>>> print(open('coords_34.txt').read())   # compact mmCIF, N, CA and C atoms and all ligand atoms
# COMPACT_ATOMS: atom_id res chain seq x y z
N MET A 7 0.82 -1.19 0.00
CA MET A 7 0.00 0.00 0.00
C MET A 7 0.87 1.26 0.00
N LEU A 8 2.03 1.18 0.66
CA LEU A 8 2.93 2.34 0.70
C LEU A 8 4.05 2.22 -0.32
N GLU A 9 3.93 1.23 -1.18
CA GLU A 9 4.95 1.03 -2.21
C GLU A 9 5.06 2.30 -3.07
N ASN A 10 6.30 2.65 -3.35
CA ASN A 10 6.60 3.85 -4.14
C ASN A 10 6.13 5.15 -3.49
N ARG A 11 5.94 5.11 -2.21
CA ARG A 11 5.57 6.33 -1.47
C ARG A 11 6.76 6.75 -0.62
N GLN A 12 6.89 8.03 -0.43
CA GLN A 12 7.95 8.56 0.41
C GLN A 12 7.40 8.80 1.80
N ILE A 13 8.10 8.30 2.81
CA ILE A 13 7.68 8.49 4.20
C ILE A 13 8.74 9.31 4.92
N LYS A 14 8.33 10.41 5.50
CA LYS A 14 9.25 11.26 6.23
C LYS A 14 8.92 11.16 7.72
N THR A 15 9.93 10.87 8.52
CA THR A 15 9.73 10.77 9.97
C THR A 15 10.51 11.89 10.65
N ILE A 16 10.32 12.02 11.94
CA ILE A 16 11.01 13.06 12.71
C ILE A 16 12.54 12.91 12.58
N GLU A 17 13.01 11.67 12.45
CA GLU A 17 14.45 11.45 12.31
C GLU A 17 14.96 12.01 10.98
N GLY A 18 14.08 12.17 10.01
CA GLY A 18 14.48 12.69 8.71
C GLY A 18 14.68 14.20 8.68
N LEU A 19 14.34 14.88 9.76
CA LEU A 19 14.48 16.34 9.80
C LEU A 19 15.89 16.78 10.15
N GLY A 20 16.68 15.89 10.73
CA GLY A 20 18.04 16.27 11.13
C GLY A 20 18.62 15.17 12.00
N VAL A 21 19.83 15.38 12.45
CA VAL A 21 20.50 14.42 13.33
C VAL A 21 20.93 15.15 14.59
N PRO A 22 21.23 14.42 15.68
CA PRO A 22 21.55 15.09 16.94
C PRO A 22 22.63 16.16 16.82
N GLY A 23 23.68 15.93 16.07
CA GLY A 23 24.73 16.93 15.93
C GLY A 23 24.41 18.03 14.94
N ASN A 24 23.39 17.84 14.15
CA ASN A 24 23.00 18.81 13.13
C ASN A 24 21.48 18.79 12.96
N PRO A 25 20.76 19.30 13.96
CA PRO A 25 19.30 19.29 13.86
C PRO A 25 18.81 20.20 12.75
N GLY A 26 17.67 19.84 12.17
CA GLY A 26 17.04 20.68 11.15
C GLY A 26 16.47 21.94 11.76
N PRO A 27 16.03 22.89 10.92
CA PRO A 27 15.52 24.17 11.44
C PRO A 27 14.37 24.02 12.43
N VAL A 28 13.45 23.10 12.16
CA VAL A 28 12.32 22.93 13.09
C VAL A 28 12.81 22.34 14.40
N GLN A 29 13.65 21.32 14.32
CA GLN A 29 14.17 20.71 15.54
C GLN A 29 14.98 21.73 16.35
N ARG A 30 15.84 22.47 15.66
CA ARG A 30 16.67 23.47 16.35
C ARG A 30 15.79 24.54 17.03
N ALA A 31 14.77 24.99 16.33
CA ALA A 31 13.89 26.02 16.89
C ALA A 31 13.16 25.49 18.12
N PHE A 32 12.71 24.24 18.08
CA PHE A 32 12.02 23.68 19.25
C PHE A 32 12.99 23.55 20.43
N ILE A 33 14.24 23.22 20.15
CA ILE A 33 15.25 23.13 21.22
C ILE A 33 15.50 24.53 21.78
N GLU A 34 15.76 25.48 20.91
CA GLU A 34 16.13 26.83 21.37
C GLU A 34 14.98 27.54 22.08
N GLU A 35 13.76 27.26 21.67
CA GLU A 35 12.60 27.88 22.32
C GLU A 35 12.04 27.02 23.45
N GLN A 36 12.69 25.89 23.72
CA GLN A 36 12.24 24.96 24.76
C GLN A 36 10.75 24.65 24.57
N ALA A 37 10.40 24.32 23.34
CA ALA A 37 9.00 24.15 22.97
C ALA A 37 8.54 22.69 23.01
N ALA A 38 9.45 21.77 23.32
CA ALA A 38 9.04 20.37 23.35
C ALA A 38 8.04 20.14 24.48
N GLN A 39 7.07 19.32 24.19
CA GLN A 39 6.10 18.94 25.22
C GLN A 39 6.43 17.51 25.62
N CYS A 40 5.48 16.63 25.65
CA CYS A 40 5.77 15.27 26.09
C CYS A 40 6.23 14.41 24.91
N GLY A 41 6.66 13.20 25.20
CA GLY A 41 7.14 12.28 24.17
C GLY A 41 6.04 11.77 23.26
N TYR A 42 4.80 11.93 23.64
CA TYR A 42 3.70 11.48 22.79
C TYR A 42 3.39 12.48 21.68
N CYS A 43 3.42 13.74 21.99
CA CYS A 43 2.92 14.72 21.02
C CYS A 43 4.02 15.51 20.30
N THR A 44 5.21 15.58 20.84
CA THR A 44 6.22 16.48 20.27
C THR A 44 6.57 16.12 18.83
N ALA A 45 6.77 14.84 18.54
CA ALA A 45 7.11 14.47 17.16
C ALA A 45 5.98 14.85 16.21
N GLY A 46 4.75 14.61 16.61
CA GLY A 46 3.61 14.97 15.76
C GLY A 46 3.49 16.46 15.58
N ILE A 47 3.71 17.21 16.64
CA ILE A 47 3.63 18.67 16.55
C ILE A 47 4.69 19.18 15.58
N MET A 48 5.88 18.60 15.65
CA MET A 48 6.95 19.05 14.78
C MET A 48 6.72 18.64 13.32
N MET A 49 6.24 17.40 13.10
CA MET A 49 6.07 16.90 11.73
C MET A 49 4.77 17.39 11.08
N VAL A 50 3.65 17.04 11.70
CA VAL A 50 2.34 17.35 11.12
C VAL A 50 2.01 18.82 11.31
N GLY A 51 2.55 19.39 12.37
CA GLY A 51 2.30 20.79 12.64
C GLY A 51 3.31 21.68 11.95
N ALA A 52 4.45 21.87 12.57
CA ALA A 52 5.41 22.87 12.11
C ALA A 52 5.98 22.59 10.73
N GLN A 53 6.54 21.41 10.51
CA GLN A 53 7.21 21.13 9.23
C GLN A 53 6.22 21.14 8.07
N ALA A 54 5.07 20.53 8.25
CA ALA A 54 4.07 20.49 7.18
C ALA A 54 3.60 21.90 6.83
N LEU A 55 3.41 22.73 7.84
CA LEU A 55 3.00 24.12 7.57
C LEU A 55 4.09 24.86 6.81
N LEU A 56 5.33 24.76 7.27
CA LEU A 56 6.41 25.52 6.66
C LEU A 56 6.77 24.98 5.27
N ASP A 57 6.49 23.73 5.01
CA ASP A 57 6.69 23.18 3.65
C ASP A 57 5.72 23.84 2.66
N ARG A 58 4.53 24.19 3.14
CA ARG A 58 3.51 24.81 2.27
C ARG A 58 3.54 26.32 2.29
N ASN A 59 3.94 26.88 3.43
CA ASN A 59 3.89 28.32 3.63
C ASN A 59 5.14 28.73 4.41
N SER A 60 6.11 29.32 3.73
CA SER A 60 7.39 29.62 4.38
C SER A 60 7.32 30.86 5.27
N SER A 61 6.24 31.61 5.19
CA SER A 61 6.12 32.82 6.00
C SER A 61 4.71 32.95 6.57
N PRO A 62 4.34 32.02 7.44
CA PRO A 62 2.97 32.05 7.98
C PRO A 62 2.80 33.18 8.99
N SER A 63 1.60 33.72 9.02
CA SER A 63 1.26 34.70 10.04
C SER A 63 1.01 33.96 11.36
N ASP A 64 0.95 34.72 12.44
CA ASP A 64 0.63 34.10 13.73
C ASP A 64 -0.73 33.40 13.68
N ALA A 65 -1.69 34.02 13.02
CA ALA A 65 -3.02 33.42 12.91
C ALA A 65 -2.96 32.11 12.12
N GLU A 66 -2.15 32.09 11.06
CA GLU A 66 -2.01 30.86 10.27
C GLU A 66 -1.32 29.76 11.09
N ILE A 67 -0.32 30.15 11.86
CA ILE A 67 0.36 29.16 12.70
C ILE A 67 -0.64 28.59 13.71
N ARG A 68 -1.36 29.47 14.39
CA ARG A 68 -2.33 29.00 15.40
C ARG A 68 -3.38 28.08 14.77
N ARG A 69 -3.92 28.48 13.61
CA ARG A 69 -4.96 27.70 12.96
C ARG A 69 -4.40 26.33 12.55
N HIS A 70 -3.19 26.30 12.00
CA HIS A 70 -2.62 25.04 11.54
C HIS A 70 -2.25 24.14 12.71
N MET A 71 -1.77 24.72 13.81
CA MET A 71 -1.28 23.92 14.93
C MET A 71 -2.40 23.46 15.86
N THR A 72 -3.55 24.05 15.78
CA THR A 72 -4.62 23.75 16.74
C THR A 72 -4.93 22.26 16.89
N PRO A 73 -5.05 21.49 15.80
CA PRO A 73 -5.35 20.06 16.00
C PRO A 73 -4.21 19.30 16.68
N SER A 74 -3.00 19.82 16.62
CA SER A 74 -1.85 19.11 17.18
C SER A 74 -1.59 19.46 18.64
N LEU A 75 -2.16 20.51 19.10
CA LEU A 75 -1.80 20.97 20.44
C LEU A 75 -2.67 20.34 21.52
N CYS A 76 -2.02 19.90 22.56
CA CYS A 76 -2.77 19.53 23.75
C CYS A 76 -2.88 20.80 24.59
N ARG A 77 -3.28 20.70 25.78
CA ARG A 77 -3.40 21.89 26.63
C ARG A 77 -2.14 22.09 27.46
N GLY A 78 -1.01 21.58 26.94
CA GLY A 78 0.26 21.70 27.65
C GLY A 78 0.66 23.15 27.84
N GLU A 79 1.57 23.36 28.72
CA GLU A 79 1.96 24.72 29.11
C GLU A 79 2.84 25.42 28.10
N ARG A 80 3.36 24.73 27.12
CA ARG A 80 4.36 25.33 26.24
C ARG A 80 3.77 25.86 24.94
N TYR A 81 2.52 26.12 24.89
CA TYR A 81 1.85 26.58 23.68
C TYR A 81 2.55 27.79 23.07
N VAL A 82 2.85 28.81 23.85
CA VAL A 82 3.51 30.02 23.35
C VAL A 82 4.91 29.67 22.84
N GLY A 83 5.56 28.75 23.50
CA GLY A 83 6.88 28.32 23.06
C GLY A 83 6.82 27.67 21.69
N ILE A 84 5.78 26.92 21.42
CA ILE A 84 5.62 26.28 20.11
C ILE A 84 5.44 27.35 19.04
N LEU A 85 4.63 28.35 19.32
CA LEU A 85 4.45 29.43 18.34
C LEU A 85 5.77 30.13 18.07
N ARG A 86 6.54 30.39 19.13
CA ARG A 86 7.85 31.03 18.93
C ARG A 86 8.76 30.12 18.11
N ALA A 87 8.71 28.83 18.37
CA ALA A 87 9.57 27.89 17.64
C ALA A 87 9.21 27.85 16.16
N VAL A 88 7.92 27.86 15.83
CA VAL A 88 7.52 27.83 14.42
C VAL A 88 7.98 29.11 13.73
N ARG A 89 7.80 30.24 14.41
CA ARG A 89 8.27 31.52 13.83
C ARG A 89 9.78 31.48 13.61
N ARG A 90 10.51 30.98 14.59
CA ARG A 90 11.97 30.92 14.48
C ARG A 90 12.39 29.99 13.35
N ALA A 91 11.75 28.84 13.23
CA ALA A 91 12.08 27.90 12.15
C ALA A 91 11.78 28.53 10.80
N ALA A 92 10.68 29.26 10.69
CA ALA A 92 10.35 29.93 9.42
C ALA A 92 11.43 30.93 9.06
N GLN A 93 11.89 31.71 10.03
CA GLN A 93 12.94 32.70 9.78
C GLN A 93 14.23 32.01 9.35
N THR A 94 14.58 30.92 10.02
CA THR A 94 15.80 30.18 9.67
C THR A 94 15.70 29.62 8.26
N MET A 95 14.55 29.06 7.93
CA MET A 95 14.37 28.47 6.60
C MET A 95 14.36 29.54 5.52
N GLN A 96 13.78 30.71 5.82
CA GLN A 96 13.79 31.81 4.85
C GLN A 96 15.21 32.32 4.62
N ALA A 97 15.99 32.41 5.69
CA ALA A 97 17.37 32.88 5.57
C ALA A 97 18.21 31.92 4.74
N ALA A 98 17.89 30.63 4.82
CA ALA A 98 18.64 29.62 4.07
C ALA A 98 18.13 29.46 2.65
N ALA A 99 16.96 29.97 2.35
CA ALA A 99 16.31 29.74 1.05
C ALA A 99 17.15 30.17 -0.14
N PRO A 100 17.78 31.37 -0.15
CA PRO A 100 18.56 31.75 -1.34
C PRO A 100 19.67 30.76 -1.67
N ALA A 101 20.31 30.19 -0.64
CA ALA A 101 21.38 29.23 -0.89
C ALA A 101 20.83 27.94 -1.49
N ASN A 102 19.62 27.56 -1.12
CA ASN A 102 19.02 26.33 -1.63
C ASN A 102 18.35 26.54 -2.98
N ALA A 103 18.00 27.76 -3.31
CA ALA A 103 17.22 28.02 -4.53
C ALA A 103 17.95 27.56 -5.78
N GLY A 104 19.24 27.71 -5.84
CA GLY A 104 19.99 27.32 -7.00
C GLY A 104 20.04 25.80 -7.20
N GLU A 105 19.89 25.03 -6.12
CA GLU A 105 19.98 23.60 -6.20
C GLU A 105 18.82 23.02 -7.00
N THR A 106 17.63 23.62 -6.91
CA THR A 106 16.49 23.07 -7.61
C THR A 106 16.50 23.43 -9.09
N ALA A 107 17.31 24.42 -9.47
CA ALA A 107 17.34 24.87 -10.86
C ALA A 107 18.25 24.00 -11.73
N ARG A 108 19.03 23.11 -11.10
CA ARG A 108 19.95 22.29 -11.88
C ARG A 108 19.25 21.30 -12.78
S1 LIG A 201 -0.04 15.33 24.71
FE1 LIG A 201 2.06 15.85 24.93
S2 LIG A 201 2.11 17.39 26.41
FE2 LIG A 201 0.01 16.98 26.11
>>> encode(input="coords_34.txt", output="structure tokens", more="lines below")
Ligand code: FES
Amino acid sequence: MLENRQIKTIEGLGVPGNPGPVQRAFIEEQAAQCGYCTAGIMMVGAQALLDRNSSPSDAEIRRHMTPSLCRGERYVGILRAVRRAAQTMQAAAPANAGETAR
């Protein structure tokens, strides 16, 4: 059923010595919640949003993240982390833009 399909997991975003922008932002903003929801928040929430919209507004972040959020205390930290990851990815975009043109 998943033949010829690409599956991306949280491990695919980066490695411990070189975390990806979303992982790094969650670390720097201390936005991780529990072990049950953090991977989903990062993958289905932050990364999926930023893959589609590299410069989301706060309202767009809140709307996109709402299904992923529990009532944990780090809600504001998650919003800061998504904003930070978006800024990091935007700053890196010009360097990556030439790679897709090859
Ligand atoms: S489900 Fe992870 S902190 Fe609530």
>>> closest_residue(input="coords_34.txt", among="A:Phe32, A:Gly51, A:Gly41, A:Thr15", to="Ser74 in chain A", atoms="only N, CA and C atoms")
A:Gly51
>>> closest_residue(input="coords_34.txt", among="A:Pro27, A:Gly46, A:Arg58, A:Gln36", to="Ala91 in chain A", atoms="all atoms listed in the file")
A:Pro27
>>> residues_around(input="coords_34.txt", residues="Leu56 in chain A", least_positions_apart="6", cutoff="12 Å", atoms="only C-alpha atoms", output="ChimeraX atom specification")
/A:27-28,48-50,62-63,66-67,70-71,87-96
>>> atom_distance(input="coords_34.txt", atom1="CA of Ala97 in chain A", atom2="CA of Ser60 in chain A")
10.6 Å
>>> closest_residue(input="coords_34.txt", among="A:Thr72, A:Cys43, A:Ala65, A:Tyr81", to="ligand LIG 201 (chain A)", atoms="all atoms listed in the file")
A:Cys43
